[in-house]
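Raw contents of start.cif, mmCIF, C-alpha atoms:
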```cif
data_upload
loop_
_atom_site.label_atom_id
_atom_site.label_comp_id
_atom_site.auth_asym_id
_atom_site.auth_seq_id
_atom_site.Cartn_x
_atom_site.Cartn_y
_atom_site.Cartn_z
CA LYS A 1 -13.74 -51.45 138.29
CA GLU A 2 -11.26 -54.30 138.87
CA LEU A 3 -9.46 -56.23 136.13
CA TYR A 4 -7.04 -59.17 136.35
CA ASP A 5 -4.68 -60.19 133.52
CA SER A 6 -3.13 -63.63 133.82
CA SER A 7 -0.42 -62.96 131.19
CA ASP A 8 1.54 -60.80 133.64
CA ARG A 9 -0.47 -61.46 136.81
CA SER A 10 -1.52 -57.82 136.90
CA LEU A 11 -4.39 -56.25 138.78
CA THR A 12 -5.93 -53.00 137.55
CA SER A 13 -8.23 -50.71 139.52
CA THR A 14 -10.16 -47.93 137.79
CA VAL A 15 -12.28 -45.16 139.31
CA THR A 16 -14.55 -42.93 137.18
CA MET A 17 -16.56 -39.98 138.44
CA ALA A 18 -18.68 -37.56 136.40
CA GLY A 19 -21.28 -34.90 137.07
CA GLY A 20 -22.75 -31.67 135.80
CA ASN A 21 -25.73 -29.85 134.33
CA GLN A 22 -26.55 -27.86 131.18
CA ARG A 23 -23.81 -25.31 131.92
CA ASN A 24 -21.05 -27.25 133.64
CA GLY A 25 -19.63 -30.74 133.29
CA ILE A 26 -16.77 -32.44 135.09
CA LEU A 27 -15.09 -35.82 134.61
CA PHE A 28 -12.36 -37.62 136.52
CA VAL A 29 -10.79 -41.00 135.74
CA GLY A 30 -8.07 -42.62 137.86
CA ASN A 31 -6.25 -45.85 137.12
CA HIS A 32 -3.75 -48.00 139.06
CA ARG A 33 -2.08 -51.19 137.84
CA GLU A 34 0.50 -53.55 139.32
CA GLY A 35 1.98 -56.57 137.57
CA GLN A 36 4.94 -58.84 136.96
CA ALA A 37 7.05 -59.89 133.96
CA LEU A 38 5.10 -61.08 130.93
CA ALA A 39 4.92 -64.89 130.91
CA ASN A 40 6.59 -66.92 128.17
CA GLN A 41 7.17 -70.59 127.35
CA GLY A 42 10.75 -70.68 128.65
CA GLU A 43 11.62 -73.50 131.01
CA VAL A 44 15.29 -72.83 131.84
CA GLY A 45 15.81 -70.81 135.01
CA GLY A 46 18.95 -69.93 136.90
CA THR A 47 21.33 -67.21 135.77
CA GLY A 48 23.32 -66.35 132.65
CA ALA A 49 22.69 -66.31 128.93
CA ALA A 50 21.19 -69.82 128.99
CA ARG A 51 18.19 -68.62 130.99
CA THR A 52 14.96 -68.67 128.96
CA ARG A 53 12.44 -67.84 131.66
CA PRO A 54 11.59 -64.13 132.08
CA ASP A 55 13.86 -62.12 134.35
CA PRO A 56 12.09 -61.19 137.61
CA ARG A 57 10.29 -57.91 137.05
CA SER A 58 7.58 -55.92 138.78
CA TYR A 59 5.88 -52.74 137.71
CA GLY A 60 3.35 -50.22 138.88
CA ALA A 61 1.43 -47.79 136.68
CA ASP A 62 -0.78 -44.86 137.67
CA SER A 63 -2.72 -42.47 135.45
CA PHE A 64 -5.42 -39.85 135.79
CA LEU A 65 -7.59 -37.63 133.63
CA GLY A 66 -9.61 -34.62 134.72
CA LYS A 67 -11.83 -32.49 132.45
CA TYR A 68 -14.06 -29.49 133.02
CA VAL A 69 -16.36 -27.93 130.40
CA HIS A 70 -18.46 -24.78 130.80
CA THR A 71 -21.07 -23.87 128.18
CA ALA A 72 -22.15 -20.21 128.00
CA ASP A 73 -25.51 -18.86 126.83
CA SER A 74 -23.96 -18.04 123.46
CA GLY A 75 -22.96 -21.68 122.96
CA ARG A 76 -19.29 -21.01 123.63
CA ALA A 77 -17.58 -23.95 125.32
CA ASP A 78 -14.71 -23.33 127.74
CA ARG A 79 -12.56 -26.43 128.25
CA ILE A 80 -9.83 -27.31 130.74
CA SER A 81 -8.16 -30.70 131.11
CA LEU A 82 -5.30 -32.17 133.12
CA ASP A 83 -3.91 -35.65 132.67
CA GLY A 84 -0.83 -37.56 133.74
CA ALA A 85 0.77 -40.97 133.91
CA GLN A 86 3.61 -42.64 135.77
CA THR A 87 5.14 -46.08 135.26
CA ARG A 88 7.73 -47.63 137.60
CA THR A 89 9.58 -50.85 136.74
CA ARG A 90 12.06 -52.90 138.79
CA THR A 91 14.08 -55.62 137.03
CA ASP A 92 16.55 -58.19 138.31
CA SER A 93 18.37 -59.20 135.13
CA LEU A 94 19.43 -62.72 136.03
CA SER A 95 20.17 -63.45 132.37
CA ASN A 96 23.04 -60.91 132.50
CA ILE A 97 24.82 -62.66 135.37
CA THR A 98 28.32 -63.97 134.58
CA PRO A 99 31.19 -65.25 136.73
CA SER A 100 32.41 -61.66 137.17
CA VAL A 101 28.97 -59.99 137.34
CA GLY A 102 27.11 -61.10 140.46
CA TYR A 103 24.10 -58.83 139.99
CA TYR A 104 22.45 -56.57 137.42
CA ARG A 105 19.46 -54.62 138.73
CA SER A 106 17.60 -51.65 137.27
CA GLN A 107 14.78 -49.28 138.18
CA ASP A 108 12.99 -47.37 135.42
CA GLU A 109 10.49 -44.54 135.68
CA ASN A 110 8.41 -42.77 133.03
CA VAL A 111 6.39 -39.68 134.00
CA ARG A 112 4.16 -37.43 131.90
CA VAL A 113 1.90 -34.51 132.86
CA ARG A 114 -0.16 -32.44 130.40
CA ALA A 115 -2.47 -29.45 130.91
CA THR A 116 -4.75 -28.04 128.19
CA ALA A 117 -7.10 -25.06 128.03
CA GLY A 118 -9.21 -23.83 125.13
CA GLN A 119 -12.49 -22.49 123.79
CA TRP A 120 -14.90 -23.38 121.00
CA PHE A 121 -17.19 -20.78 119.43
CA PRO A 122 -19.79 -22.74 117.42
CA GLN A 123 -21.88 -19.66 116.52
CA LEU A 124 -19.32 -16.93 115.97
CA GLY A 125 -21.06 -15.62 112.85
CA GLY A 126 -18.20 -13.30 111.87
CA VAL A 127 -17.15 -12.03 108.46
CA LEU A 128 -14.05 -14.26 108.45
CA ALA A 129 -15.30 -17.22 110.46
CA ASP A 130 -18.52 -18.95 111.45
CA THR A 131 -16.81 -21.11 114.08
CA LEU A 132 -13.53 -20.79 115.95
CA ASP A 133 -11.64 -23.35 118.02
CA TRP A 134 -8.39 -22.67 119.90
CA ASN A 135 -6.34 -24.35 122.57
CA VAL A 136 -3.04 -24.03 124.37
CA TYR A 137 -1.19 -26.82 126.14
CA TRP A 138 1.82 -27.53 128.34
CA GLN A 139 3.42 -30.93 128.79
CA LYS A 140 6.38 -32.31 130.70
CA SER A 141 7.70 -35.85 130.29
CA ARG A 142 10.68 -37.61 131.79
CA THR A 143 12.34 -41.02 131.47
CA ARG A 144 14.78 -42.05 134.20
CA THR A 145 16.85 -45.24 134.59
CA ASN A 146 19.01 -46.36 137.52
CA THR A 147 21.19 -49.46 137.18
CA GLN A 148 23.43 -51.27 139.66
CA THR A 149 25.97 -53.84 138.49
CA GLU A 150 29.61 -54.83 138.90
CA THR A 151 32.76 -56.09 137.25
CA ALA A 152 35.36 -58.28 138.88
CA THR A 153 36.89 -55.22 140.61
CA VAL A 154 34.36 -52.36 140.51
CA ALA A 155 30.77 -51.91 141.69
CA ARG A 156 29.00 -49.57 139.27
CA TYR A 157 25.98 -47.31 139.78
CA PHE A 158 24.43 -45.73 136.69
CA GLN A 159 21.94 -42.84 136.90
CA SER A 160 20.58 -41.89 133.50
CA LEU A 161 18.03 -39.45 132.15
CA PRO A 162 17.51 -40.74 128.58
CA LEU A 163 15.08 -37.93 127.81
CA GLN A 164 13.30 -35.06 129.55
CA GLU A 165 11.08 -32.74 127.55
CA ARG A 166 8.94 -29.68 128.21
CA VAL A 167 6.53 -28.66 125.47
CA PHE A 168 4.38 -25.54 125.21
CA GLY A 169 2.16 -24.88 122.23
CA GLY A 170 -1.21 -24.02 120.81
CA LYS A 171 -3.52 -24.27 117.82
CA LEU A 172 -6.25 -22.10 116.28
CA VAL A 173 -8.72 -23.26 113.63
CA ALA A 174 -11.43 -21.11 112.02
CA VAL A 175 -14.15 -22.30 109.63
CA LYS A 176 -16.20 -20.21 107.17
CA GLN A 177 -19.07 -21.60 105.07
CA VAL A 178 -20.12 -19.90 101.82
CA GLY A 179 -23.06 -20.64 99.50
CA GLU A 180 -24.91 -22.97 101.85
CA GLY A 181 -27.98 -24.40 100.11
CA SER A 182 -26.82 -23.45 96.60
CA ALA A 183 -25.38 -25.59 93.79
CA VAL A 184 -21.83 -24.57 94.73
CA THR A 185 -20.77 -24.52 98.37
CA GLN A 186 -17.49 -23.82 100.11
CA THR A 187 -16.26 -24.70 103.58
CA VAL A 188 -12.97 -22.93 104.20
CA SER A 189 -10.91 -24.06 107.19
CA TYR A 190 -7.70 -22.24 108.11
CA GLY A 191 -5.48 -21.75 111.10
CA VAL A 192 -2.07 -21.76 112.72
CA GLU A 193 -0.20 -24.14 115.00
CA LEU A 194 2.98 -23.57 117.02
CA SER A 195 5.04 -25.20 119.74
CA ARG A 196 8.38 -25.06 121.53
CA THR A 197 10.12 -28.14 122.94
CA ASP A 198 12.97 -28.03 125.46
CA ALA A 199 14.90 -31.32 125.63
CA GLN A 200 17.60 -32.61 127.98
CA SER A 201 19.40 -35.94 128.22
CA TYR A 202 22.37 -37.27 130.14
CA ALA A 203 23.97 -40.41 131.55
CA GLY A 204 25.60 -40.21 134.97
CA GLY A 205 27.04 -42.57 137.51
CA TYR A 206 30.05 -43.63 139.51
CA GLY A 207 32.03 -46.70 140.43
CA VAL A 208 33.53 -48.02 143.65
CA ASN A 209 36.64 -50.19 143.78
CA LYS A 210 35.59 -53.26 145.75
CA ARG A 211 39.08 -53.78 147.22
CA THR A 212 40.20 -50.25 148.12
CA GLY A 213 36.86 -48.43 148.45
CA ALA A 214 38.03 -45.66 146.09
CA SER A 215 35.32 -44.16 143.90
CA GLY A 216 35.06 -42.03 140.81
CA SER A 217 33.34 -41.40 137.48
CA GLY A 218 36.30 -41.73 135.14
CA LYS A 219 37.48 -44.60 132.97
CA ALA A 220 39.15 -46.31 135.93
CA PHE A 221 35.68 -46.94 137.37
CA MET A 222 33.20 -46.63 134.48
CA PRO A 223 33.03 -47.57 130.78
CA GLY A 224 33.84 -43.91 129.93
CA ASN A 225 34.23 -40.50 131.53
CA TYR A 226 30.90 -39.73 133.15
CA PRO A 227 28.59 -37.80 133.10
CA LEU A 228 27.80 -37.96 129.41
CA HIS A 229 25.35 -35.87 127.38
CA LEU A 230 23.42 -38.28 125.19
CA ILE A 231 22.12 -35.35 123.13
CA PRO A 232 22.82 -31.60 123.51
CA ASP A 233 20.35 -29.57 125.54
CA SER A 234 18.15 -28.00 122.90
CA GLU A 235 15.10 -25.97 121.93
CA THR A 236 12.94 -26.92 118.97
CA ASP A 237 10.43 -24.46 117.52
CA ARG A 238 7.66 -25.57 115.17
CA TYR A 239 5.32 -23.22 113.28
CA ALA A 240 2.61 -24.06 110.79
CA ALA A 241 -0.10 -22.28 108.81
CA PHE A 242 -2.73 -24.13 106.80
CA VAL A 243 -5.86 -23.60 104.74
CA GLN A 244 -8.35 -26.03 103.21
CA ASP A 245 -11.30 -25.37 100.90
CA GLU A 246 -14.00 -28.04 100.58
CA LEU A 247 -15.78 -27.27 97.31
CA GLY A 248 -19.19 -28.87 96.82
CA LEU A 249 -20.38 -28.90 93.20
CA PHE A 250 -23.60 -29.94 91.50
CA GLY A 251 -25.59 -29.90 94.70
CA GLY A 252 -23.03 -31.94 96.62
CA ARG A 253 -22.64 -34.72 94.03
CA LEU A 254 -18.97 -33.79 93.47
CA GLU A 255 -16.56 -32.60 96.13
CA ILE A 256 -13.06 -31.18 95.57
CA THR A 257 -10.80 -30.35 98.51
CA PRO A 258 -7.64 -28.36 97.70
CA ALA A 259 -5.42 -27.60 100.69
CA VAL A 260 -2.01 -26.20 101.51
CA ARG A 261 0.12 -26.31 104.66
CA VAL A 262 3.40 -24.54 105.38
CA ASP A 263 5.66 -25.75 108.21
CA ARG A 264 8.79 -24.23 109.69
CA TYR A 265 11.09 -26.25 111.95
CA ALA A 266 14.02 -24.76 113.89
CA TYR A 267 16.34 -26.92 116.02
CA LYS A 268 18.59 -24.94 118.39
CA PRO A 269 21.11 -27.15 120.22
CA GLN A 270 23.32 -25.63 122.89
CA ASP A 271 27.09 -25.80 122.64
CA ASP A 272 27.98 -29.19 124.10
CA ALA A 273 31.76 -29.04 123.73
#
```

Full structure transcribed into structure tokens:
Amino acid sequence: KELYDSSDRSLTSTVTMAGGNQRNGILFVGNHREGQALANQGEVGGTGAARTRPDPRSYGADSFLGKYVHTADSGRADRISLDGAQTRTRTDSLSNITPSVGYYRSQDENVRVRATAGQWFPQLGGVLADTLDWNVYWQKSRTRTNTQTETATVARYFQSLPLQERVFGGKLVAVKQVGEGSAVTQTVSYGVELSRTDAQSYAGGYGVNKRTGASGSGKAFMPGNYPLHLIPDSETDRYAAFVQDELGLFGGRLEITPAVRVDRYAYKPQDDA
């Protein structure tokens, strides 16, 4: 499939493949897109703050999704999925040009990958649950920015990682039905959910004196003493337990749904002194 968007002169290509039978099913979707800066109604070009036309920009975006499902004789469904996305952007910020700043260029990248595995038991038929659904997942995401600019005396090169995260977690949900077909019915859903997130962030870079060729990352070359930690390296744990009871009364003419959820959140930053 091909798609063109005139607003940013982008071209998108999409490929979809699927196959399977009663027991096994597989799906794959791939996407690629390339485009330019979003058009506006500005008419003033050139450089500096008076510019109203968009700064020159190009981007490329790729994404994919893969899924596999196996259905057993008992009705149990085994599920595995993998998906990811990457976006790359290059910008020439002509609107930031001044008499002392001859260029201001940046390259940005966003990357995310996620893997998930789980099972669904639609006919468990146990004392505590009729159905059971669980999954575990892992995800890594990263945002990176590189910038090149200058002052009257120093050429500066910034290398920043605004945020990088790794997340691992899972969820389990069980459902039990009571009194089906009677005047009073209950559908009790309960479960647990947990995850851990590791986060990192920093800003790095260096400067080069245009006259002497000396370089460094201190205040003589950069706005501050680099590298900088934008936030402390940290771990965040999340735990939750929940239960919900759907009460059907008078043959389903009235429904009451009480529920309760308990969450625990623990943020553990590392010493950043």

Would you be able to write out as a PyMOL selection string which residues have an atom within 8 Å of (-7.7, -55.0, 139.1) in the file's coordinates, counting only C-alpha atoms? chain A and resi 1-4+10-14+33

Between atom CA of Lys171 of chain A and atom CA of Leu82 of chain A, what is the distance, to one decimal in Å?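 We find that atom CA of Lys171 of chain A and atom CA of Leu82 of chain A lie 17.3 Å from each other.
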
Under the PyMOL selection byres ((chain A and resi 209) around 8), which residues of this model are included? Write them out as an MDAnalysis selection string. chainID A and resid 153:155 207:208 210:215 221

Can I get the selected residues back with C-alpha atoms, as a short mmCIF file (atom, residue, chain, number, x, y, z; two decimals), in the coordinates of the input?
```cif
data_model
loop_
_atom_site.label_atom_id
_atom_site.label_comp_id
_atom_site.auth_asym_id
_atom_site.auth_seq_id
_atom_site.Cartn_x
_atom_site.Cartn_y
_atom_site.Cartn_z
CA THR A 153 36.89 -55.22 140.61
CA VAL A 154 34.36 -52.36 140.51
CA ALA A 155 30.77 -51.91 141.69
CA GLY A 207 32.03 -46.70 140.43
CA VAL A 208 33.53 -48.02 143.65
CA LYS A 210 35.59 -53.26 145.75
CA ARG A 211 39.08 -53.78 147.22
CA THR A 212 40.20 -50.25 148.12
CA GLY A 213 36.86 -48.43 148.45
CA ALA A 214 38.03 -45.66 146.09
CA SER A 215 35.32 -44.16 143.90
CA PHE A 221 35.68 -46.94 137.37
#
```

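Our summary of the geometry notes that atom CA of Glu235 of chain A is positioned 12.0 Å from atom CA of Gln164 of chain A.
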
Applied to this file, what does the PyMOL selection byres ((chain A and resi 228) around 12) return in terms of residues, put as a ChimeraX atom specification? /A:158-162,200-206,217-218,222-227,229-233,272-273

Once the PyMOL selection byres ((chain A and resi 147-151) around 6) is applied to the coordinates I shared, what remains selected? I want it as a list in words. Ser100, Val101, Tyr103, Tyr104, Arg105, Ser106, Asn146, Ala152, Thr153, Val154, Ala155, Arg156, Tyr157 and Phe158 of chain A

Please tell me which residues are no farther than 10 Å from (10.5, -63.8, 140.9) in the file, counting all atoms listed in the file, and write them as a list in words. Gln36, Ala37, Pro54, Asp55, Pro56, Arg57, Ser58, Thr91 and Asp92 of chain A

Give me, as a list in words, all polymer residues having an atom no more than 12 Å from Phe121 of chain A, counting all atoms listed in the file and skipping those fewer than 6 positions away in the same chain.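 Selected residues are Thr71, Ala72, Asp73, Ser74, Gly75, Arg76, Ala77, Asp78, Arg79, Ala129, Asp130, Thr131, Leu132, Asp133, Trp134, Asn135, Leu172, Val173, Ala174 and Val175 of chain A.
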
Write the residues of the selection above to a file with C-alpha atoms, as a PDB file, in the coordinates of the input.
```pdb
ATOM      1  CA  THR A  71     -21.070 -23.870 128.180  1.00  0.00           C
ATOM      2  CA  ALA A  72     -22.150 -20.210 128.000  1.00  0.00           C
ATOM      3  CA  ASP A  73     -25.510 -18.860 126.830  1.00  0.00           C
ATOM      4  CA  SER A  74     -23.960 -18.040 123.460  1.00  0.00           C
ATOM      5  CA  GLY A  75     -22.960 -21.680 122.960  1.00  0.00           C
ATOM      6  CA  ARG A  76     -19.290 -21.010 123.630  1.00  0.00           C
ATOM      7  CA  ALA A  77     -17.580 -23.950 125.320  1.00  0.00           C
ATOM      8  CA  ASP A  78     -14.710 -23.330 127.740  1.00  0.00           C
ATOM      9  CA  ARG A  79     -12.560 -26.430 128.250  1.00  0.00           C
ATOM     10  CA  ALA A 129     -15.300 -17.220 110.460  1.00  0.00           C
ATOM     11  CA  ASP A 130     -18.520 -18.950 111.450  1.00  0.00           C
ATOM     12  CA  THR A 131     -16.810 -21.110 114.080  1.00  0.00           C
ATOM     13  CA  LEU A 132     -13.530 -20.790 115.950  1.00  0.00           C
ATOM     14  CA  ASP A 133     -11.640 -23.350 118.020  1.00  0.00           C
ATOM     15  CA  TRP A 134      -8.390 -22.670 119.900  1.00  0.00           C
ATOM     16  CA  ASN A 135      -6.340 -24.350 122.570  1.00  0.00           C
ATOM     17  CA  LEU A 172      -6.250 -22.100 116.280  1.00  0.00           C
ATOM     18  CA  VAL A 173      -8.720 -23.260 113.630  1.00  0.00           C
ATOM     19  CA  ALA A 174     -11.430 -21.110 112.020  1.00  0.00           C
ATOM     20  CA  VAL A 175     -14.150 -22.300 109.630  1.00  0.00           C
TER      21      VAL A 175
END
```

Padded axis-aligned box of segment 14-31 of chain A (8 Å per side), centre and edge lengths, Å, one decimal, as JSON:
```
{"center_x": -16.4, "center_y": -36.6, "center_z": 135.2, "size_x": 36.3, "size_y": 38.6, "size_z": 24.1}
```

Taken to one decimal, the atom CA of Arg166 of chain A-atom CA of Lys268 of chain A distance is 14.6 Å

Fewer than 4 positions away in the same chain doesn't count, so skip those; otherwise give me all residues within 9 Å of Lys140 of chain A, counting all atoms listed in the file, as a PyMOL selection string. chain A and resi 111-114+164-168

So, with only C-alpha atoms as the atoms that count, which of A:Ala220, A:Val127, A:Ala266, A:Leu254 lies closest to Ala240 of chain A?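 Closest to Ala240 of chain A, using only C-alpha atoms: A:Ala266.
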
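Of the listed residues A:Thr98, A:Gln107, A:Ser7, A:Gln139, the one whose atoms come nearest to Ala85 of chain A is A:Gln139, with distances taken using only C-alpha atoms.
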
I'd like the neighbourhood of Thr16 of chain A as a PyMOL selection string, where a residue qualifies if any of its atoms comes within 12 Å (using all atoms listed in the file), though same-chain residues fewer than 4 positions away should be ignored. chain A and resi 1-2+26-31+63-67

Select, from A:Leu124, A:Arg264, A:Ala50, A:Gln119, the residue with the minimum atom-to-atom distance to Leu94 of chain A, counting all atoms listed in the file.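 Closest candidate: A:Ala50.
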
Pick out the closest residue to Pro99 of chain A from this set: A:Leu128, A:Ala61, A:Ala18, A:Ala49. Count all atoms listed in the file. A:Ala49

Atom completion result for segment 134-155 of chain A (N, CA and C atoms) as a tab-separated table (two decimals), in the frame of the given file:
```
chain	number	residue	atom	x	y	z
A	134	TRP	N	-9.80	-22.88	119.55
A	134	TRP	CA	-8.39	-22.67	119.90
A	134	TRP	C	-8.07	-23.41	121.18
A	135	ASN	N	-6.80	-23.75	121.33
A	135	ASN	CA	-6.34	-24.35	122.57
A	135	ASN	C	-4.86	-24.09	122.76
A	136	VAL	N	-4.45	-24.10	124.01
A	136	VAL	CA	-3.04	-24.03	124.37
A	136	VAL	C	-2.76	-25.21	125.31
A	137	TYR	N	-1.52	-25.67	125.31
A	137	TYR	CA	-1.19	-26.82	126.14
A	137	TYR	C	0.25	-26.71	126.65
A	138	TRP	N	0.48	-27.39	127.76
A	138	TRP	CA	1.82	-27.53	128.34
A	138	TRP	C	2.01	-28.98	128.74
A	139	GLN	N	3.17	-29.53	128.46
A	139	GLN	CA	3.42	-30.93	128.79
A	139	GLN	C	4.86	-31.10	129.24
A	140	LYS	N	5.05	-31.94	130.25
A	140	LYS	CA	6.38	-32.31	130.70
A	140	LYS	C	6.45	-33.83	130.79
A	141	SER	N	7.50	-34.40	130.23
A	141	SER	CA	7.70	-35.85	130.29
A	141	SER	C	9.15	-36.13	130.66
A	142	ARG	N	9.34	-37.26	131.33
A	142	ARG	CA	10.68	-37.61	131.79
A	142	ARG	C	10.83	-39.13	131.84
A	143	THR	N	11.97	-39.61	131.36
A	143	THR	CA	12.34	-41.02	131.47
A	143	THR	C	13.62	-41.11	132.27
A	144	ARG	N	13.61	-41.93	133.32
A	144	ARG	CA	14.78	-42.05	134.20
A	144	ARG	C	15.10	-43.53	134.41
A	145	THR	N	16.40	-43.86	134.40
A	145	THR	CA	16.85	-45.24	134.59
A	145	THR	C	18.02	-45.27	135.56
A	146	ASN	N	17.91	-46.10	136.59
A	146	ASN	CA	19.01	-46.36	137.52
A	146	ASN	C	19.40	-47.82	137.41
A	147	THR	N	20.70	-48.09	137.33
A	147	THR	CA	21.19	-49.46	137.18
A	147	THR	C	22.35	-49.69	138.15
A	148	GLN	N	22.34	-50.87	138.78
A	148	GLN	CA	23.43	-51.27	139.66
A	148	GLN	C	23.99	-52.59	139.15
A	149	THR	N	25.31	-52.62	138.94
A	149	THR	CA	25.97	-53.84	138.49
A	149	THR	C	27.42	-53.81	138.94
A	150	GLU	N	28.22	-54.76	138.47
A	150	GLU	CA	29.61	-54.83	138.90
A	150	GLU	C	30.46	-55.52	137.85
A	151	THR	N	31.77	-55.29	137.96
A	151	THR	CA	32.76	-56.09	137.25
A	151	THR	C	33.52	-56.88	138.30
A	152	ALA	N	34.60	-57.50	137.91
A	152	ALA	CA	35.36	-58.28	138.88
A	152	ALA	C	35.96	-57.39	139.96
A	153	THR	N	36.20	-56.10	139.65
A	153	THR	CA	36.89	-55.22	140.61
A	153	THR	C	36.10	-54.00	141.03
A	154	VAL	N	35.06	-53.63	140.28
A	154	VAL	CA	34.36	-52.36	140.51
A	154	VAL	C	32.86	-52.59	140.61
A	155	ALA	N	32.24	-51.98	141.62
A	155	ALA	CA	30.77	-51.91	141.69
A	155	ALA	C	30.34	-50.62	141.00
```
